[in-house]
Amino acid sequence: MLNPYRFFDCQPETRETALALYNEIKDLPLICPHGHVDPALFAHNKPFPDPSQLLIIPDHYVFRMLYSQGIPLETIGIMPIDGTSYEKDPRKIWQIFADNFYLFAGTPTGLWLTGEFETAFGITEKLVPGNAMEIYDYMSKKLLTPEFLPRALFETFQIEVLSTTDGAADDLSYHKKIQESGWQGKVIPCFRPDDVTNLVHPKWRENIDRLSEVTSISVTSFSRFIEALEKQREFFKLMGAVSTDHGIEQPVIHRLTNAKAETFFNQALQGSITLEDARLFTGHMMMEMARMSCEDHLVMQIHPGCFRNHNTELFNKFGPDKGADIPLATEFTRNLKELLNTYGNNPEFTLVVFTLDESTYSRELAPLAGHYPAMKLGPAWWFHDSFQGMKRQREQVIETAGVYNMVGFIDDTRAFPSIPIRHDLARRIDSNYLAGLVVRHIIDEQDARRMNRALAYDLSKRTYKL
Amino acid sequence: MLNPYRFFDCQPETRETALALYNEIKDLPLICPHGHVDPALFAHNKPFPDPSQLLIIPDHYVFRMLYSQGIPLETIGIMPIDGTSYEKDPRKIWQIFADNFYLFAGTPTGLWLTGEFETAFGITEKLVPGNAMEIYDYMSKKLLTPEFLPRALFETFQIEVLSTTDGAADDLSYHKKIQESGWQGKVIPCFRPDDVTNLVHPKWRENIDRLSEVTSISVTSFSRFIEALEKQREFFKLMGAVSTDHGIEQPVIHRLTNAKAETFFNQALQGSITLEDARLFTGHMMMEMARMSCEDHLVMQIHPGCFRNHNTELFNKFGPDKGADIPLATEFTRNLKELLNTYGNNPEFTLVVFTLDESTYSRELAPLAGHYPAMKLGPAWWFHDSFQGMKRQREQVIETAGVYNMVGFIDDTRAFPSIPIRHDLARRIDSNYLAGLVVRHIIDEQDARRMNRALAYDLSKRTYKL
Amino acid sequence: MLNPYRFFDCQPETRETALALYNEIKDLPLICPHGHVDPALFAHNKPFPDPSQLLIIPDHYVFRMLYSQGIPLETIGIMPIDGTSYEKDPRKIWQIFADNFYLFAGTPTGLWLTGEFETAFGITEKLVPGNAMEIYDYMSKKLLTPEFLPRALFETFQIEVLSTTDGAADDLSYHKKIQESGWQGKVIPCFRPDDVTNLVHPKWRENIDRLSEVTSISVTSFSRFIEALEKQREFFKLMGAVSTDHGIEQPVIHRLTNAKAETFFNQALQGSITLEDARLFTGHMMMEMARMSCEDHLVMQIHPGCFRNHNTELFNKFGPDKGADIPLATEFTRNLKELLNTYGNNPEFTLVVFTLDESTYSRELAPLAGHYPAMKLGPAWWFHDSFQGMKRQREQVIETAGVYNMVGFIDDTRAFPSIPIRHDLARRIDSNYLAGLVVRHIIDEQDARRMNRALAYDLSKRTYKL
């Protein structure tokens, strides 16, 4: 069912060139330096429960599309947090999914799912209403076999390293358990302190208390807060971390005076911080995080420009991550100036910038990455991690920044079984993109091979020092 | 002259796949759920006067291009509103047009006109200065034949339904006349209340008086205003309307208190409203219109982001719609939040959003439509209703929103005879776009056929409940 | 090494059509109406010193990429302005360049350099670390031959006219020397008064004094300032100038009262102008410049939207133009309204607008140029003067503005020897773009030929009245 030429231009010369490039890199191990897979999977190494719990219920890419067509989330197994009832029969959920699978035609979710069915499960029939239960039963059986245990899949997938994303106050108990198990799979944490650097986070106080607990530093002042973060970064590093990660609505980053930062922190402790001051504080913490990165060499990642939980009714009923995160126009040239002016020329510092605003690719990000030694361009992110999205990114970025100021493909997924097919899609798109340059005599084959390998493997390995 | 493969990629496999897809949908009837054709055409059913009055004088796409090259509007028949003289000889106007027809090469206007010449008139020669009068005479004769009467063309074009756009205070007399004539052509109105919801509209007071008159409700207060609008919406619905339409410079939409709305309305009645308060009032009226749509099920359409009448000198001399409307950067994620939070999860509500800011396709509109059940994406609009414009929209929208959160093609034209060629262009572009996915093995042919039919016919029929 | 089909789509029908179109225009002379070549080159007509001083040290496109990969500017011959040491051995610099030449794969700089090596120097080997010195020596010898003198190259390149860019207070001594030399090459100045219209320019006072000196008008008041500018424009015109040029961070253009302008100017003389008032003054001067252009018919060019010298540390060490200029989101619809309303309908006025914000192509610039007779669209500029950048501009502009509201290709370079290859790249891209329209039956071959010639030669010649 999966055509060997898939995703390549069908013009014969381009297609053959793309295939030749692809064949050289398709079997390289997978580097996964940023993502949201749950480390508990590998700590416990238990079988996945059933196809619906594997592929539908945890994947907001899947259920947002069903919801957009009027299918209530309760009916496809999403648990309301207000205690109201919801569908628990995975077979009923799977049938609804199959009835509506046609909605995903032409979307990356459709490509990933089709790819997983065939490459992971060996299913070559298209999922339609009529074969839903047959496919469900077949997959269910497969999931109980030893080859479908998380660690076995990790090895089959040829994952060289997988980074999870973990809160600032996390004790990394699952990572410890994995390391103590003797299993050789490399699963490393990433330090994401949003829930303590955002002073108006709903659980901020609770997280600060937990941070005090895990660091044995009583976080009662801004200076103690900084101390605790530094200590926790050190702990993450010891556990294998190579990076930090920061969500921020707009990348407005400026240093405050220490006195100001202290004041805001104390106001937060007293529960009297304003939204605007909390924003200023977050911007200040980005400067602090960059400073720490210059010292401990953790790669700093920024994921800006998303309006989280846009649908308040849905958020109140189901909580976060329900497919209602909507991108915002984002500004980098002015907003990153202070950060880049302070640390961007520092050879000890690496900053990886992601965006959901494609208009910034050629206008701001490629020129910035094509100048500052510290700055590298993240992959086509989230909605843009798709056939056309990756194509656009390559076309809009490479001419100005070159390939070697990019970080290569990053899957950024919480759907563990989709990892190989995502890398495969990216590798095919890069092979096809570079083939297009070769047949137009813009680059030669030697350059194409080097660039292709860089995008598939070398760049992420080098940037994240793996 | 019109090549059967036109607008398809010339790579043979893609071209043949596109043609096969196109052949399946090319003869589907035309659904025209939004546009600006004058209903008087079908009420009177009189012959079109001459080629210049048919194709040049009413079409700001045509004369803006001539104007941009230094040709004064007076010389091509546009009547100044200040009483100064202008060219009235349609033959002279046609000659200027023919002399400059080369300017339209590569533009959608050029494609539409060339298409109309051949498919409607049977002209297979290219319009050049030398054959201008010959073509003029030939067309003039054709226009006098019964087959070129508006109702005959409507039937030849296979239009299933055509919506006009009508002011809030319109008495729909032409629609009545059409319905009473016994002719079976389905021409329906659309409720566009901009000229009464915009408190600083130059004719606002006059329109309010007319609204009082047609509804027999004396509009002397905000509550009476709401009552009159509800009554008039009901009247439009009785006359066949399925939708409302709203032009708004920026989609800044927030509910005011009723007291505040009442105050602004009274200030407008007294002629003392400020520009800023008028904007707030318009934003409030969008919330009211959505509320009414939840009740009467008229589909709500928003056409934002246009700076109307940018050229003041020209506006003063010739009035509105003279090719000087210029798009603006537009923001949806924050601006539509209140509307979508209040009504976006309501299964009774349908909101169709248009944009002139292509940077919002992948950044804001596709993620919103890929989540909120009420929201659907309008077609590539106005300047972007073109070969490349439609291609970009498909590429930037479908991966995130899927095909089934779009509304399919809408011609949005005031140039009645261009309707078939516009639909044909869109159908060819969709067939070619989907063929490109098929030959890259991104979708299979079964999906492609379903998606193609949806874009050509099913989606607009379903969204507008036709 | 350079393939005759380079940059063309490899689909055979498209490729052959592109080649046929290209062959018709490839030998047209080069019109260079805007750029930054130093007129001293042609005044002195001395040999270029060595390959590194020819291609690396003066070209911020080249060294910004090396810098982004961690190579200090000092090591590649860029002289610090603070007196610290830097590499002076051109061979060492060339070796570093060759070692890192792979970084430029897929970038326009890579294409231009490869093209220059072959077409100007006859080098058909790819530059790699191993042949760096051999190529260096070969080029060094070539540079000493009479054919590589600047005037000889100017003639070999078939440059019909070349405009430099010159400060408001320039005495144009090099242009005089060229004219007095009897050499027939047409090198003309362009009036760029940024350094006197920007009241907070670091050398503003010095420039005003120089302006007083060259005009013999004592610039002690705003009215004298205007008088001096008008006189100097006249002088530039006498020396062959056809245009003025204006860098401005945002195109916020509004007329001030003369009293206000006078006040700001006096404050600047006294050294007490604020940043915000200086911005208002610059906006006012754009209105004044347009007014003068209506009178003296110099074409007005605006280059907005660039954050200059973004990297303060680098700027302090090396000065301006070191690859740290970063684009900004730019707004034209509102910002140009007053200018276009006042002068945009004036047949005596020509305004050429450039942008670094590609999102404005289809949204603002094409609709404006497709309406106002005075306004024409500049070429794909700077970072976007590239294979994909030009393609995007054509695709996003031509459908709305048509080809004939563009100005054709402008190289805008300071790298003199790259001029022919830049024009060749643009001509190939246009030929390929138009071939794509021909094979899709969007335009016919006759239109394609006319459009291609317009873009390659006619439009820039006509717009700049050359």
# chains A, B, ... in the order shown; residues from 1 in each chain; ligands from 1
call {"tool": "residues_around", "arguments": {"residues": "Ala259 (chain B)", "least_positions_apart": "5", "cutoff": "10 Å", "atoms": "only C-alpha atoms", "output": "JSON list (two decimals) with C-alpha atoms, in the first residue's frame"}}
result
[["chain", "number", "residue", "atom", "x", "y", "z"],
["B", 222, "PHE", "CA", -31.45, 50.37, 20.37],
["B", 264, "PHE", "CA", -23.97, 54.72, 21.41],
["B", 265, "PHE", "CA", -27.10, 54.21, 19.35]]
call {"tool": "interface_residues", "arguments": {"of": "chain C", "to": "chain B", "cutoff": "8 Å", "atoms": "only C-alpha atoms", "output": "number ranges by chain"}}
result
C: 11, 13-14, 331, 333, 337, 340-341, 347, 359, 362-364, 367-374, 395-396, 398-405, 437, 439-443, 447
call {"tool": "residues_around", "arguments": {"residues": "Ile178 (chain C)", "least_positions_apart": "3", "cutoff": "9 Å", "atoms": "only C-alpha atoms", "output": "NGL selection string"}}
result
:C and (39-40 or 42-44 or 173-175 or 181-187)
call {"tool": "residues_around", "arguments": {"residues": "Tyr22 (chain C)", "least_positions_apart": "2", "cutoff": "8 Å", "atoms": "only C-alpha atoms", "output": "compact mmCIF listing (two decimals) with all heavy atoms, in the first residue's frame"}}
result
# COMPACT_ATOMS: atom_id res chain seq x y z
N ALA C 18 11.16 27.26 -21.41
CA ALA C 18 11.94 28.23 -20.64
C ALA C 18 13.21 28.61 -21.40
O ALA C 18 13.57 29.79 -21.49
CB ALA C 18 12.30 27.65 -19.27
N LEU C 19 13.87 27.60 -21.95
CA LEU C 19 15.12 27.88 -22.66
C LEU C 19 14.87 28.77 -23.87
O LEU C 19 15.64 29.71 -24.13
CB LEU C 19 15.79 26.56 -23.09
CG LEU C 19 17.18 26.73 -23.70
CD1 LEU C 19 18.17 27.27 -22.67
CD2 LEU C 19 17.70 25.40 -24.26
N ALA C 20 13.79 28.49 -24.58
CA ALA C 20 13.47 29.32 -25.76
C ALA C 20 13.20 30.76 -25.34
O ALA C 20 13.68 31.71 -25.98
CB ALA C 20 12.25 28.73 -26.48
N GLU C 24 15.88 34.39 -25.98
CA GLU C 24 15.49 35.66 -26.61
C GLU C 24 15.95 36.88 -25.83
O GLU C 24 15.99 37.98 -26.38
CB GLU C 24 13.96 35.73 -26.72
CG GLU C 24 13.43 34.87 -27.83
CD GLU C 24 12.00 35.25 -28.18
OE1 GLU C 24 11.54 36.32 -27.73
OE2 GLU C 24 11.37 34.47 -28.89
N ILE C 25 16.21 36.72 -24.54
CA ILE C 25 16.50 37.91 -23.73
C ILE C 25 17.86 37.86 -23.05
O ILE C 25 18.30 38.83 -22.46
CB ILE C 25 15.43 38.10 -22.63
CG1 ILE C 25 15.27 36.81 -21.80
CG2 ILE C 25 14.09 38.48 -23.22
CD1 ILE C 25 15.33 37.02 -20.34
N LYS C 26 18.54 36.72 -23.18
CA LYS C 26 19.78 36.56 -22.39
C LYS C 26 20.85 37.58 -22.76
O LYS C 26 21.68 37.93 -21.92
CB LYS C 26 20.31 35.14 -22.48
CG LYS C 26 20.91 34.73 -23.80
CD LYS C 26 21.34 33.25 -23.74
CE LYS C 26 21.62 32.67 -25.09
NZ LYS C 26 22.83 33.18 -25.75
N ARG C 427 16.86 36.48 -15.07
CA ARG C 427 16.31 36.21 -16.40
C ARG C 427 15.91 34.75 -16.54
O ARG C 427 14.90 34.42 -17.18
CB ARG C 427 17.34 36.62 -17.47
CG ARG C 427 17.47 38.13 -17.58
CD ARG C 427 18.59 38.60 -18.49
NE ARG C 427 18.59 40.08 -18.54
CZ ARG C 427 19.32 40.80 -19.37
NH1 ARG C 427 20.14 40.21 -20.22
NH2 ARG C 427 19.24 42.12 -19.34
N ARG C 428 16.70 33.87 -15.97
CA ARG C 428 16.35 32.45 -16.01
C ARG C 428 15.09 32.17 -15.19
O ARG C 428 14.22 31.39 -15.60
CB ARG C 428 17.52 31.61 -15.48
CG ARG C 428 18.67 31.52 -16.47
CD ARG C 428 19.83 30.71 -15.95
NE ARG C 428 20.80 30.51 -17.02
CZ ARG C 428 20.74 29.55 -17.92
NH1 ARG C 428 19.77 28.65 -17.85
NH2 ARG C 428 21.64 29.46 -18.88
N SER C 431 12.12 33.49 -17.11
CA SER C 431 11.84 32.64 -18.27
C SER C 431 11.15 31.35 -17.81
O SER C 431 10.20 30.88 -18.43
CB SER C 431 13.14 32.29 -18.99
OG SER C 431 13.76 33.47 -19.46
call {"tool": "residues_around", "arguments": {"residues": "region 240-255 of chain C", "least_positions_apart": "3", "cutoff": "9 Å", "atoms": "only C-alpha atoms", "output": "number ranges by chain"}}
result
C: 33-34, 163, 165, 186-194, 198, 233, 235-237, 258, 261, 279-289, 293, 297-308, 328-332, 334-339, 464-466
call {"tool": "closest_residue", "arguments": {"among": "A:Gln446, A:Asn345, A:Thr156, A:Asn432", "to": "Glu16 (chain A)", "atoms": "only C-alpha atoms"}}
result
A:Asn432
call {"tool": "residues_around", "arguments": {"residues": "region 226-232 of chain C", "least_positions_apart": "4", "cutoff": "8 Å", "atoms": "only C-alpha atoms", "output": "count of residues only"}}
result
10
